[in-house]
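S.K.: The following file, work38.pdb, comprises PDB, C-alpha atoms:
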```pdb
ATOM      1  CA  MET I 263      18.076  -7.493  12.888
ATOM      2  CA  SER I 264      15.623 -10.371  12.551
ATOM      3  CA  LEU I 265      14.707 -12.112   9.307
ATOM      4  CA  MET I 266      10.938 -12.440   8.872
ATOM      5  CA  THR I 267       8.237 -12.310   6.221
ATOM      6  CA  ALA I 268       5.896  -9.389   5.731
ATOM      7  CA  HIS I 269       3.080 -11.516   7.138
ATOM      8  CA  GLU I 270       5.112 -12.225  10.291
ATOM      9  CA  ALA I 271       6.146  -8.580  10.599
ATOM     10  CA  LEU I 272       2.517  -7.466  10.445
ATOM     11  CA  ASP I 273       1.544  -9.991  13.100
ATOM     12  CA  GLN I 274       4.411  -8.869  15.317
ATOM     13  CA  ALA I 275       3.276  -5.264  15.027
ATOM     14  CA  VAL I 276      -0.288  -6.174  16.030
ATOM     15  CA  ALA I 277       0.937  -8.278  18.967
ATOM     16  CA  GLU I 278       3.187  -5.497  20.257
ATOM     17  CA  GLU I 279       0.400  -2.926  19.935
ATOM     18  CA  MET I 280      -2.050  -5.229  21.713
ATOM     19  CA  GLN I 281       0.508  -5.626  24.482
ATOM     20  CA  ARG I 282       1.070  -1.859  24.643
ATOM     21  CA  ASP I 283      -2.588  -0.785  24.490
ATOM     22  CA  ALA I 284      -5.501  -2.812  25.916
ATOM     23  CA  ARG I 285      -7.897  -1.031  23.537
ATOM     24  CA  VAL I 286      -6.379  -2.775  20.473
ATOM     25  CA  LEU I 287      -8.279  -5.855  19.286
ATOM     26  CA  MET I 288      -8.346  -7.884  16.065
ATOM     27  CA  PHE I 289     -11.191  -9.709  14.378
ATOM     28  CA  GLY I 290     -12.242 -10.798  10.917
ATOM     29  CA  GLU I 291     -12.356 -13.701   8.520
ATOM     30  CA  GLY I 292     -10.158 -16.484   9.901
ATOM     31  CA  VAL I 293      -8.209 -14.180  12.202
ATOM     32  CA  ALA I 294      -8.186 -16.457  15.245
ATOM     33  CA  THR I 295      -7.411 -19.480  13.068
ATOM     34  CA  LYS I 296      -4.599 -17.911  11.059
ATOM     35  CA  ARG I 297      -3.181 -16.064  14.060
ATOM     36  CA  LYS I 298      -3.596 -18.590  16.840
ATOM     37  CA  HIS I 299      -0.591 -17.140  18.654
ATOM     38  CA  LEU I 300      -2.535 -13.888  19.076
ATOM     39  CA  LEU I 301      -5.582 -15.807  20.314
ATOM     40  CA  ASP I 302      -3.403 -17.705  22.819
ATOM     41  CA  ALA I 303      -1.725 -14.519  24.015
ATOM     42  CA  PHE I 304      -4.735 -12.195  24.264
ATOM     43  CA  GLY I 305      -7.802 -14.428  24.421
ATOM     44  CA  PRO I 306     -11.102 -14.593  22.511
ATOM     45  CA  GLN I 307     -12.314 -11.231  23.825
ATOM     46  CA  ARG I 308      -9.635  -9.483  21.766
ATOM     47  CA  VAL I 309      -8.935 -11.935  18.907
ATOM     48  CA  ARG I 310     -11.840 -13.643  17.196
ATOM     49  CA  ASN I 311     -13.122 -15.112  13.958
ATOM     50  CA  THR I 312     -16.221 -13.644  12.361
ATOM     51  CA  PRO I 313     -18.741 -14.838   9.776
ATOM     52  CA  LEU I 314     -17.948 -14.118   6.124
ATOM     53  CA  ALA I 315     -19.831 -10.826   6.255
ATOM     54  CA  GLU I 316     -17.553  -7.935   5.317
ATOM     55  CA  GLY I 317     -20.104  -5.185   5.873
ATOM     56  CA  ILE I 318     -20.829  -6.435   9.381
ATOM     57  CA  ILE I 319     -17.110  -6.752  10.188
ATOM     58  CA  ALA I 320     -16.344  -3.209   9.002
ATOM     59  CA  GLY I 321     -19.474  -1.786  10.631
ATOM     60  CA  THR I 322     -18.632  -3.454  13.926
ATOM     61  CA  ALA I 323     -15.120  -2.017  13.705
ATOM     62  CA  ALA I 324     -16.471   1.482  13.049
ATOM     63  CA  GLY I 325     -18.799   1.202  16.038
ATOM     64  CA  ALA I 326     -16.039  -0.161  18.257
ATOM     65  CA  ALA I 327     -13.714   2.650  17.210
ATOM     66  CA  ALA I 328     -16.371   5.253  17.975
ATOM     67  CA  THR I 329     -16.614   3.908  21.532
ATOM     68  CA  GLY I 330     -12.878   4.252  22.126
ATOM     69  CA  LEU I 331     -11.488   0.884  21.046
ATOM     70  CA  ARG I 332      -8.813   0.489  18.325
ATOM     71  CA  PRO I 333      -9.873  -2.458  16.125
ATOM     72  CA  VAL I 334      -7.791  -4.107  13.403
ATOM     73  CA  VAL I 335     -10.019  -6.068  11.016
ATOM     74  CA  ASP I 336      -8.996  -8.526   8.316
ATOM     75  CA  LEU I 337     -11.255  -8.651   5.238
ATOM     76  CA  LEU I 338      -8.999 -11.106   3.359
ATOM     77  CA  PHE I 339      -9.032 -10.057  -0.310
ATOM     78  CA  ALA I 340      -9.393  -6.512  -1.660
ATOM     79  CA  PRO I 341     -12.414  -7.206  -3.922
ATOM     80  CA  PHE I 342     -14.354  -8.116  -0.760
ATOM     81  CA  LEU I 343     -14.086  -4.452   0.258
ATOM     82  CA  CYS I 344     -16.949  -3.874  -2.176
ATOM     83  CA  PHE I 345     -19.246  -5.453   0.423
ATOM     84  CA  ALA I 346     -18.066  -3.007   3.091
ATOM     85  CA  MET I 347     -17.947   0.296   1.208
ATOM     86  CA  ASP I 348     -20.833   1.916   3.090
ATOM     87  CA  GLU I 349     -19.309   1.107   6.471
ATOM     88  CA  ILE I 350     -15.759   2.148   5.513
ATOM     89  CA  VAL I 351     -16.369   5.082   3.177
ATOM     90  CA  ASN I 352     -19.744   6.444   4.276
ATOM     91  CA  SER I 353     -19.473   5.854   8.008
ATOM     92  CA  ALA I 354     -15.886   5.526   9.249
ATOM     93  CA  GLY I 355     -14.489   7.948   6.676
ATOM     94  CA  LYS I 356     -17.063  10.711   7.104
ATOM     95  CA  LEU I 357     -18.507  10.643  10.610
ATOM     96  CA  ARG I 358     -15.535  12.261  12.329
ATOM     97  CA  TYR I 359     -16.030  15.319  10.127
ATOM     98  CA  MET I 360     -19.840  15.202  10.317
ATOM     99  CA  SER I 361     -19.767  14.985  14.110
ATOM    100  CA  GLY I 362     -17.518  18.010  14.382
ATOM    101  CA  GLY I 363     -14.753  15.832  15.807
ATOM    102  CA  GLN I 364     -16.899  14.380  18.597
ATOM    103  CA  PHE I 365     -16.066  10.875  17.381
ATOM    104  CA  SER I 366     -12.861   9.434  15.960
ATOM    105  CA  PHE I 367     -12.443   6.172  14.098
ATOM    106  CA  PRO I 368      -9.034   4.667  14.908
ATOM    107  CA  MET I 369      -9.489   1.435  12.960
ATOM    108  CA  VAL I 370      -7.310  -0.495  10.497
ATOM    109  CA  VAL I 371      -8.707  -2.542   7.609
ATOM    110  CA  VAL I 372      -6.223  -5.175   6.377
ATOM    111  CA  THR I 373      -6.683  -6.737   2.958
ATOM    112  CA  MET I 374      -4.610  -8.574   0.356
ATOM    113  CA  THR I 375      -4.267  -7.564  -3.257
ATOM    114  CA  GLY I 376      -2.049  -7.885  -6.326
ATOM    115  CA  GLY I 377      -0.759 -10.723  -8.439
ATOM    116  CA  GLY I 378       1.445 -13.541  -7.234
ATOM    117  CA  TRP I 379      -1.015 -16.145  -5.947
ATOM    118  CA  THR I 380      -2.987 -16.603  -9.201
ATOM    119  CA  VAL I 381      -6.265 -16.205  -7.320
ATOM    120  CA  GLY I 382      -8.077 -14.605 -10.235
ATOM    121  CA  ALA I 383     -10.173 -11.499 -10.708
ATOM    122  CA  GLN I 384     -12.649 -11.955  -7.864
ATOM    123  CA  HIS I 385      -9.816 -12.224  -5.313
ATOM    124  CA  ASN I 386      -7.284  -9.898  -6.922
ATOM    125  CA  HIS I 387      -8.100  -6.302  -7.776
ATOM    126  CA  ASN I 388      -5.887  -3.338  -6.949
ATOM    127  CA  LEU I 389      -8.466  -0.967  -5.457
ATOM    128  CA  GLU I 390      -6.171   1.323  -3.488
ATOM    129  CA  ALA I 391      -7.017   4.398  -5.595
ATOM    130  CA  TRP I 392     -10.722   4.078  -4.679
ATOM    131  CA  PHE I 393      -9.858   4.688  -1.042
ATOM    132  CA  VAL I 394      -7.289   7.377  -1.763
ATOM    133  CA  HIS I 395     -10.200   9.210  -3.393
ATOM    134  CA  SER I 396     -12.433   8.847  -0.319
ATOM    135  CA  PRO I 397     -12.244  11.673   2.254
ATOM    136  CA  GLY I 398     -11.380  10.756   5.814
ATOM    137  CA  LEU I 399      -9.449   7.596   4.961
ATOM    138  CA  LYS I 400      -5.709   6.967   4.926
ATOM    139  CA  VAL I 401      -4.102   4.344   2.686
ATOM    140  CA  VAL I 402      -0.814   2.457   3.040
ATOM    141  CA  MET I 403       0.786  -0.165   0.803
ATOM    142  CA  PRO I 404       4.267  -1.197   1.982
ATOM    143  CA  SER I 405       7.003  -3.048   0.104
ATOM    144  CA  THR I 406       9.271  -4.454   2.844
ATOM    145  CA  PRO I 407       8.731  -6.446   6.051
ATOM    146  CA  GLU I 408      10.227  -3.590   8.065
ATOM    147  CA  ASP I 409       7.618  -1.222   6.659
ATOM    148  CA  PHE I 410       4.819  -3.740   7.171
ATOM    149  CA  LYS I 411       5.663  -3.624  10.860
ATOM    150  CA  GLY I 412       6.359   0.085  11.144
ATOM    151  CA  LEU I 413       3.363   1.203   9.114
ATOM    152  CA  MET I 414       0.991  -1.148  10.927
ATOM    153  CA  LYS I 415       2.049   0.361  14.237
ATOM    154  CA  ALA I 416       1.500   3.854  12.855
ATOM    155  CA  ALA I 417      -1.881   2.832  11.434
ATOM    156  CA  ILE I 418      -3.080   1.389  14.756
ATOM    157  CA  ARG I 419      -2.068   4.556  16.623
ATOM    158  CA  ASP I 420      -3.709   6.887  14.092
ATOM    159  CA  GLU I 421      -7.054   8.488  14.994
ATOM    160  CA  ASN I 422      -8.463   7.918  11.475
ATOM    161  CA  PRO I 423      -9.468   4.766   9.558
ATOM    162  CA  VAL I 424      -6.502   3.332   7.640
ATOM    163  CA  LEU I 425      -6.705   0.921   4.693
ATOM    164  CA  PHE I 426      -3.700  -1.405   4.901
ATOM    165  CA  PHE I 427      -3.118  -3.168   1.557
ATOM    166  CA  MET I 428      -0.846  -6.215   1.573
ATOM    167  CA  ASP I 429       0.584  -7.123  -1.819
ATOM    168  CA  MET I 430       0.140 -10.906  -1.959
ATOM    169  CA  ALA I 431       3.422 -11.452  -3.773
ATOM    170  CA  LEU I 432       5.274  -9.915  -0.819
ATOM    171  CA  ALA I 433       3.455 -11.710   2.016
ATOM    172  CA  PHE I 434       5.937 -14.536   2.463
ATOM    173  CA  VAL I 435       9.119 -12.923   1.138
ATOM    174  CA  PRO I 436      11.620 -12.633   4.015
ATOM    175  CA  GLY I 437      13.393  -9.415   4.850
ATOM    176  CA  GLU I 438      15.290  -7.806   7.701
ATOM    177  CA  VAL I 439      13.390  -6.089  10.484
ATOM    178  CA  PRO I 440      15.277  -4.157  13.195
ATOM    179  CA  GLU I 441      15.031  -5.320  16.783
ATOM    180  CA  GLY I 442      12.943  -3.261  19.172
ATOM    181  CA  GLU I 443      10.487  -0.540  18.287
ATOM    182  CA  VAL I 444       9.904  -0.108  14.544
ATOM    183  CA  PHE I 445       7.671   2.827  13.645
ATOM    184  CA  VAL I 446       7.193   4.327  10.170
ATOM    185  CA  PRO I 447       5.131   7.553  10.185
ATOM    186  CA  LEU I 448       2.217   7.694   7.758
ATOM    187  CA  GLY I 449       2.870  10.016   4.828
ATOM    188  CA  GLN I 450       6.629   9.538   4.585
ATOM    189  CA  ALA I 451       8.073   8.031   1.391
ATOM    190  CA  ALA I 452      11.446   6.271   1.240
ATOM    191  CA  ILE I 453      14.246   6.793  -1.261
ATOM    192  CA  ARG I 454      15.314   3.198  -1.931
ATOM    193  CA  ARG I 455      18.128   4.144  -4.327
ATOM    194  CA  GLU I 456      19.809   7.475  -5.017
ATOM    195  CA  GLY I 457      20.096   8.633  -8.632
ATOM    196  CA  THR I 458      20.528  11.738 -10.743
ATOM    197  CA  GLU I 459      19.020  11.210 -14.213
ATOM    198  CA  VAL I 460      15.549   9.726 -13.826
ATOM    199  CA  THR I 461      13.168   9.034 -10.914
ATOM    200  CA  LEU I 462      11.261   5.763 -10.719
ATOM    201  CA  ILE I 463       8.219   6.221  -8.428
ATOM    202  CA  SER I 464       6.306   3.202  -7.168
ATOM    203  CA  TYR I 465       4.838   1.292  -4.191
ATOM    204  CA  ALA I 466       4.382  -2.338  -3.050
ATOM    205  CA  LYS I 467       5.839  -5.096  -5.246
ATOM    206  CA  THR I 468       6.696  -2.849  -8.186
ATOM    207  CA  VAL I 469       9.220  -1.025  -5.988
ATOM    208  CA  HIS I 470      11.363  -4.157  -6.289
ATOM    209  CA  THR I 471      10.767  -4.209 -10.051
ATOM    210  CA  CYS I 472      11.990  -0.605 -10.176
ATOM    211  CA  LEU I 473      15.080  -1.502  -8.169
ATOM    212  CA  ALA I 474      15.864  -4.316 -10.613
ATOM    213  CA  ALA I 475      15.371  -1.891 -13.504
ATOM    214  CA  ALA I 476      17.661   0.640 -11.811
ATOM    215  CA  GLU I 477      20.409  -2.005 -11.652
ATOM    216  CA  THR I 478      20.101  -2.618 -15.396
ATOM    217  CA  LEU I 479      20.009   1.109 -16.108
ATOM    218  CA  ALA I 480      23.206   1.568 -14.080
ATOM    219  CA  GLU I 481      24.911  -1.015 -16.299
ATOM    220  CA  GLN I 482      23.873   1.153 -19.241
ATOM    221  CA  GLY I 483      25.357   4.241 -17.591
ATOM    222  CA  ILE I 484      22.014   5.728 -16.492
ATOM    223  CA  SER I 485      21.549   6.791 -12.864
ATOM    224  CA  ALA I 486      18.013   6.106 -11.617
ATOM    225  CA  GLU I 487      16.528   7.147  -8.276
ATOM    226  CA  VAL I 488      13.845   4.859  -6.831
ATOM    227  CA  ILE I 489      11.118   6.230  -4.554
ATOM    228  CA  ASP I 490       8.867   3.941  -2.518
ATOM    229  CA  LEU I 491       5.694   5.904  -1.706
ATOM    230  CA  ARG I 492       4.765   3.549   1.195
ATOM    231  CA  THR I 493       1.747   5.734   2.106
ATOM    232  CA  LEU I 494      -0.587   6.660  -0.760
ATOM    233  CA  LYS I 495      -2.639   9.009   1.412
ATOM    234  CA  PRO I 496      -1.313  11.240   2.790
ATOM    235  CA  LEU I 497       1.097  11.388  -0.152
ATOM    236  CA  ASP I 498       4.662  12.541   0.502
ATOM    237  CA  GLU I 499       4.640  15.254  -2.143
ATOM    238  CA  ALA I 500       7.856  16.881  -0.887
ATOM    239  CA  THR I 501       9.988  13.778  -1.534
ATOM    240  CA  ILE I 502       8.482  13.244  -5.000
ATOM    241  CA  LEU I 503       8.978  16.855  -6.043
ATOM    242  CA  ALA I 504      12.517  17.101  -4.667
ATOM    243  CA  SER I 505      13.596  13.990  -6.534
ATOM    244  CA  VAL I 506      12.062  14.944  -9.878
ATOM    245  CA  ARG I 507      13.372  18.496  -9.616
ATOM    246  CA  LYS I 508      16.812  16.883  -9.247
ATOM    247  CA  THR I 509      16.541  14.341 -12.071
ATOM    248  CA  GLY I 510      14.120  16.150 -14.407
ATOM    249  CA  ARG I 511      12.460  12.899 -15.484
ATOM    250  CA  ALA I 512       9.914  10.530 -13.925
ATOM    251  CA  VAL I 513       8.471   7.081 -14.577
ATOM    252  CA  VAL I 514       5.533   6.158 -12.317
ATOM    253  CA  VAL I 515       4.985   2.419 -11.945
ATOM    254  CA  HIS I 516       2.152   0.455 -10.324
ATOM    255  CA  GLU I 517       0.148  -2.715 -10.861
ATOM    256  CA  ALA I 518      -3.279  -1.050 -10.573
ATOM    257  CA  SER I 519      -4.872   0.065 -13.820
ATOM    258  CA  ARG I 520      -3.780   3.343 -15.344
ATOM    259  CA  LEU I 521      -7.021   5.342 -15.577
ATOM    260  CA  CYS I 522      -7.449   7.518 -12.441
ATOM    261  CA  GLY I 523      -4.817   5.481 -10.622
ATOM    262  CA  VAL I 524      -2.258   6.755  -8.105
ATOM    263  CA  GLY I 525       0.105   7.365 -11.031
ATOM    264  CA  ALA I 526      -2.343   9.892 -12.449
ATOM    265  CA  GLU I 527      -2.246  11.849  -9.195
ATOM    266  CA  VAL I 528       1.565  11.796  -9.090
ATOM    267  CA  THR I 529       1.734  12.903 -12.721
ATOM    268  CA  ALA I 530      -0.688  15.779 -12.056
ATOM    269  CA  LEU I 531       1.383  16.825  -9.049
ATOM    270  CA  LEU I 532       4.533  16.974 -11.174
ATOM    271  CA  SER I 533       2.745  18.891 -13.934
ATOM    272  CA  GLU I 534       1.405  21.459 -11.483
ATOM    273  CA  GLN I 535       4.434  21.939  -9.243
ATOM    274  CA  ALA I 536       7.555  20.783 -11.098
ATOM    275  CA  PHE I 537       6.757  21.500 -14.731
ATOM    276  CA  ASP I 538       9.673  23.887 -15.087
ATOM    277  CA  ALA I 539      12.092  21.166 -13.965
ATOM    278  CA  LEU I 540      10.852  18.462 -16.346
ATOM    279  CA  LYS I 541      13.159  17.583 -19.240
ATOM    280  CA  ALA I 542      10.718  15.065 -20.731
ATOM    281  CA  PRO I 543       7.070  14.008 -20.300
ATOM    282  CA  VAL I 544       6.155  11.935 -17.244
ATOM    283  CA  VAL I 545       5.535   8.276 -18.166
ATOM    284  CA  ARG I 546       3.154   5.881 -16.429
ATOM    285  CA  LEU I 547       3.667   2.107 -16.591
ATOM    286  CA  THR I 548       0.700   0.308 -15.062
ATOM    287  CA  GLY I 549      -1.566  -2.691 -15.199
ATOM    288  CA  PRO I 550      -4.238  -2.785 -17.912
ATOM    289  CA  ASP I 551      -7.886  -1.771 -17.596
ATOM    290  CA  ALA I 552      -8.944  -5.408 -17.312
ATOM    291  CA  PRO I 553      -9.812  -7.975 -14.624
ATOM    292  CA  ALA I 554      -6.773  -9.787 -13.208
ATOM    293  CA  PRO I 555      -6.065 -13.170 -14.859
ATOM    294  CA  SER I 556      -5.683 -16.396 -12.853
ATOM    295  CA  SER I 557      -2.924 -17.863 -15.020
ATOM    296  CA  TYR I 558       0.582 -17.178 -13.660
ATOM    297  CA  PRO I 559       2.152 -16.243 -17.038
ATOM    298  CA  LEU I 560      -0.780 -13.940 -17.783
ATOM    299  CA  GLU I 561      -0.550 -12.475 -14.291
ATOM    300  CA  GLN I 562       3.101 -11.619 -14.940
ATOM    301  CA  ALA I 563       2.177 -10.062 -18.287
ATOM    302  CA  PHE I 564      -0.498  -8.054 -16.426
ATOM    303  CA  THR I 565       2.114  -6.463 -14.131
ATOM    304  CA  PRO I 566       4.760  -3.931 -15.264
ATOM    305  CA  GLN I 567       8.101  -5.673 -15.679
ATOM    306  CA  ALA I 568      11.638  -4.375 -15.305
ATOM    307  CA  GLU I 569      12.336  -4.507 -19.050
ATOM    308  CA  ALA I 570       9.541  -2.024 -19.776
ATOM    309  CA  ILE I 571      10.785   0.311 -17.047
ATOM    310  CA  VAL I 572      14.332   0.184 -18.419
ATOM    311  CA  GLN I 573      13.080   0.958 -21.909
ATOM    312  CA  ALA I 574      10.910   3.866 -20.748
ATOM    313  CA  ALA I 575      13.635   5.377 -18.550
ATOM    314  CA  ALA I 576      16.297   5.035 -21.239
ATOM    315  CA  GLN I 577      14.045   6.740 -23.762
ATOM    316  CA  LEU I 578      13.371   9.580 -21.341
ATOM    317  CA  VAL I 579      17.063  10.107 -20.696
ATOM    318  CA  ALA I 580      17.595  10.138 -24.449
ATOM    319  CA  ARG I 581      14.885  12.832 -24.442
ATOM    320  CA  SER I 582      12.539  10.894 -26.687
ATOM    321  CA  PRO I 583       9.127  12.449 -25.925
ATOM    322  CA  GLU I 584       7.276   9.918 -28.056
ATOM    323  CA  VAL I 585       7.424   7.251 -25.305
ATOM    324  CA  ALA I 586       4.089   5.434 -25.289
ATOM    325  CA  PRO I 587       2.419   3.681 -22.338
ATOM    326  CA  ILE I 588       2.494  -0.116 -22.483
ATOM    327  CA  TRP I 589      -1.290  -0.352 -22.142
TER     328      TRP I 589
END
```
Before anything else, please render the file you have as structure tokens.

M.R.:
Amino acid sequence: MSLMTAHEALDQAVAEEMQRDARVLMFGEGVATKRKHLLDAFGPQRVRNTPLAEGIIAGTAAGAAATGLRPVVDLLFAPFLCFAMDEIVNSAGKLRYMSGGQFSFPMVVVTMTGGGWTVGAQHNHNLEAWFVHSPGLKVVMPSTPEDFKGLMKAAIRDENPVLFFMDMALAFVPGEVPEGEVFVPLGQAAIRREGTEVTLISYAKTVHTCLAAAETLAEQGISAEVIDLRTLKPLDEATILASVRKTGRAVVVHEASRLCGVGAEVTALLSEQAFDALKAPVVRLTGPDAPAPSSYPLEQAFTPQAEAIVQAAAQLVARSPEVAPIW
């Protein structure tokens, strides 16, 4: 095992894939400056900075992918994806289908999101559900350095465009990464903690909040299972359903706002396919329908905390159906 941050794990994955496959290249805003080791190792033909022009970066990546290359592009902060929606959603996401499979778009779009750096609303907006809703795209949002590496490798090798969201609060948190090849298939959730009475379902930084809540719940005699979705599309429905059929209760937790978020999709899935196993209503704990604040205390208040998860899970186990969302 090696100890490294999520940022380092992602870089290691890109470097190993560039070494393995000459078609892999990386460009974007500050890429060659932030990742000088990649520039030194692979040269300016494969690692380069670009102007601050997100639509051009994403469009260039889509064109490069259509010609057989496998670009990884860095668009910095998730709100900047708004400038590249046509290229990502309308071109890369749709043209494989519209061309009858004549073209594929093996490209990865890396972007940062979530609270933790107090960068404010124009640099912090959890937009992952937008891309889950867009046909032809895949979406990942890991919670550990090992998964940052393994999912990046899977994303680079995939034949479809993949949105790779990095939760800013996790970027420089160290964690163990196995030596050698690390590969995490897209569409495979992880059970981070086994439990029998309630399932806590989450992704990115709130997975760790759920794990902290599960510890507190255990002290109260409540056994909570924690699922890390890891890939939001394709969604690992089998793992979600198996867990909730076992526990009979579910709390879905994420930082993105509640309305039409990933939690809504998970809740609909449980209503449609596991209703007979539910012992209590599914609860969603999410961020509010509001722009992200730039103050650290407000940012923390914006994000679901362990205390709220403990309260919701305990109420579910007590079979109190009147549990209300926090927002």

S.K.: Using all atoms listed in the file, can you tell me which of I:Pro404, I:Pro553, I:Pro397, I:Gly376 comes closest to Gly449 (chain I)?

M.R.: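 Nearest to Gly449 (chain I): I:Pro404.
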
S.K.: For Ala431 (chain I), which residue among I:Ala466, I:Ala518, I:Leu479, I:Leu265 is the nearest when counting only C-alpha atoms?

M.R.: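 The shortest atom-to-atom distance to Ala431 (chain I) comes from I:Ala466.
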
S.K.: Would you compute the box with edges along x, y and z of the file around region 494-511 of chain I, including every atom the file lists for it and 6 Å extra on each side, and give its centre and edge lengths in Å to one decimal, as AutoDock Vina command-line options?

M.R.:
```
--center_x 7.1 --center_y 12.6 --center_z -6.3 --size_x 31.5 --size_y 23.8 --size_z 30.3
```

S.K.: Region 358-402 of chain I near region 272-281 of chain I within 12 Å: what's each residue's closest atom pair and its distance in Å to one decimal, counting only C-alpha atoms, ordered by chain then ascending residue number, as a tab-separated table?

M.R.:
```
residue	atom	partner	partner_atom	distance
I:Val370	CA	I:Val276	CA	10.6
I:Val372	CA	I:Leu272	CA	9.9
I:Thr373	CA	I:Leu272	CA	11.9
```

S.K.: At a cut-off of 7 Å, using all atoms listed in the file, what residues contact Ala268 (chain I)? Leave out same-chain residues fewer than 6 positions from it and give the result as a PyMOL selection string.

M.R.: chain I and resi 406-407+410+432-436

S.K.: Once the PyMOL selection byres ((chain I and resi 296) around 12) is applied to the coordinates I shared, what remains selected? I want it as a short mmCIF file (atom, residue, chain, number, x, y, z; two decimals) with C-alpha atoms, in the frame of the given file.

M.R.:
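out-v2.cif written:
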```cif
data_model
loop_
_atom_site.label_atom_id
_atom_site.label_comp_id
_atom_site.auth_asym_id
_atom_site.auth_seq_id
_atom_site.Cartn_x
_atom_site.Cartn_y
_atom_site.Cartn_z
CA HIS I 269 3.08 -11.52 7.14
CA GLU I 270 5.11 -12.22 10.29
CA ASP I 273 1.54 -9.99 13.10
CA MET I 288 -8.35 -7.88 16.07
CA PHE I 289 -11.19 -9.71 14.38
CA GLY I 290 -12.24 -10.80 10.92
CA GLU I 291 -12.36 -13.70 8.52
CA GLY I 292 -10.16 -16.48 9.90
CA VAL I 293 -8.21 -14.18 12.20
CA ALA I 294 -8.19 -16.46 15.24
CA THR I 295 -7.41 -19.48 13.07
CA ARG I 297 -3.18 -16.06 14.06
CA LYS I 298 -3.60 -18.59 16.84
CA HIS I 299 -0.59 -17.14 18.65
CA LEU I 300 -2.54 -13.89 19.08
CA LEU I 301 -5.58 -15.81 20.31
CA ASP I 302 -3.40 -17.70 22.82
CA VAL I 309 -8.94 -11.94 18.91
CA ARG I 310 -11.84 -13.64 17.20
CA ASN I 311 -13.12 -15.11 13.96
CA ASP I 336 -9.00 -8.53 8.32
CA LEU I 338 -9.00 -11.11 3.36
#
```

S.K.: Rank I:Gln562, I:Ser485, I:Thr501, I:Thr529 by their smallest atom-to-atom distance to Thr468 (chain I), using only C-alpha atoms, and report the top residue only.

M.R.: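 Of I:Gln562, I:Ser485, I:Thr501, I:Thr529, the one nearest Thr468 (chain I), counting only C-alpha atoms, is I:Gln562.
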
S.K.: Which residues fall under the PyMOL selection byres ((chain I and resi 341-349) around 12) in this file, as a PyMOL selection string?

M.R.: chain I and resi 291+314-325+335-340+350-357+367+369+371-376+381-390+392-393+396+399+423+425-427+553-554

S.K.: Output the selection as an mmCIF file, in the frame of the given file - C-alpha atoms for each residue.

M.R.:
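This went into part.cif:
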```
data_model
loop_
_atom_site.group_PDB
_atom_site.id
_atom_site.type_symbol
_atom_site.label_atom_id
_atom_site.label_comp_id
_atom_site.auth_asym_id
_atom_site.auth_seq_id
_atom_site.Cartn_x
_atom_site.Cartn_y
_atom_site.Cartn_z
ATOM 1 C CA GLU I 291 -12.356 -13.701 8.520
ATOM 2 C CA LEU I 314 -17.948 -14.118 6.124
ATOM 3 C CA ALA I 315 -19.831 -10.826 6.255
ATOM 4 C CA GLU I 316 -17.553 -7.935 5.317
ATOM 5 C CA GLY I 317 -20.104 -5.185 5.873
ATOM 6 C CA ILE I 318 -20.829 -6.435 9.381
ATOM 7 C CA ILE I 319 -17.110 -6.752 10.188
ATOM 8 C CA ALA I 320 -16.344 -3.209 9.002
ATOM 9 C CA GLY I 321 -19.474 -1.786 10.631
ATOM 10 C CA THR I 322 -18.632 -3.454 13.926
ATOM 11 C CA ALA I 323 -15.120 -2.017 13.705
ATOM 12 C CA ALA I 324 -16.471 1.482 13.049
ATOM 13 C CA GLY I 325 -18.799 1.202 16.038
ATOM 14 C CA VAL I 335 -10.019 -6.068 11.016
ATOM 15 C CA ASP I 336 -8.996 -8.526 8.316
ATOM 16 C CA LEU I 337 -11.255 -8.651 5.238
ATOM 17 C CA LEU I 338 -8.999 -11.106 3.359
ATOM 18 C CA PHE I 339 -9.032 -10.057 -0.310
ATOM 19 C CA ALA I 340 -9.393 -6.512 -1.660
ATOM 20 C CA ILE I 350 -15.759 2.148 5.513
ATOM 21 C CA VAL I 351 -16.369 5.082 3.177
ATOM 22 C CA ASN I 352 -19.744 6.444 4.276
ATOM 23 C CA SER I 353 -19.473 5.854 8.008
ATOM 24 C CA ALA I 354 -15.886 5.526 9.249
ATOM 25 C CA GLY I 355 -14.489 7.948 6.676
ATOM 26 C CA LYS I 356 -17.063 10.711 7.104
ATOM 27 C CA LEU I 357 -18.507 10.643 10.610
ATOM 28 C CA PHE I 367 -12.443 6.172 14.098
ATOM 29 C CA MET I 369 -9.489 1.435 12.960
ATOM 30 C CA VAL I 371 -8.707 -2.542 7.609
ATOM 31 C CA VAL I 372 -6.223 -5.175 6.377
ATOM 32 C CA THR I 373 -6.683 -6.737 2.958
ATOM 33 C CA MET I 374 -4.610 -8.574 0.356
ATOM 34 C CA THR I 375 -4.267 -7.564 -3.257
ATOM 35 C CA GLY I 376 -2.049 -7.885 -6.326
ATOM 36 C CA VAL I 381 -6.265 -16.205 -7.320
ATOM 37 C CA GLY I 382 -8.077 -14.605 -10.235
ATOM 38 C CA ALA I 383 -10.173 -11.499 -10.708
ATOM 39 C CA GLN I 384 -12.649 -11.955 -7.864
ATOM 40 C CA HIS I 385 -9.816 -12.224 -5.313
ATOM 41 C CA ASN I 386 -7.284 -9.898 -6.922
ATOM 42 C CA HIS I 387 -8.100 -6.302 -7.776
ATOM 43 C CA ASN I 388 -5.887 -3.338 -6.949
ATOM 44 C CA LEU I 389 -8.466 -0.967 -5.457
ATOM 45 C CA GLU I 390 -6.171 1.323 -3.488
ATOM 46 C CA TRP I 392 -10.722 4.078 -4.679
ATOM 47 C CA PHE I 393 -9.858 4.688 -1.042
ATOM 48 C CA SER I 396 -12.433 8.847 -0.319
ATOM 49 C CA LEU I 399 -9.449 7.596 4.961
ATOM 50 C CA PRO I 423 -9.468 4.766 9.558
ATOM 51 C CA LEU I 425 -6.705 0.921 4.693
ATOM 52 C CA PHE I 426 -3.700 -1.405 4.901
ATOM 53 C CA PHE I 427 -3.118 -3.168 1.557
ATOM 54 C CA PRO I 553 -9.812 -7.975 -14.624
ATOM 55 C CA ALA I 554 -6.773 -9.787 -13.208
#
```
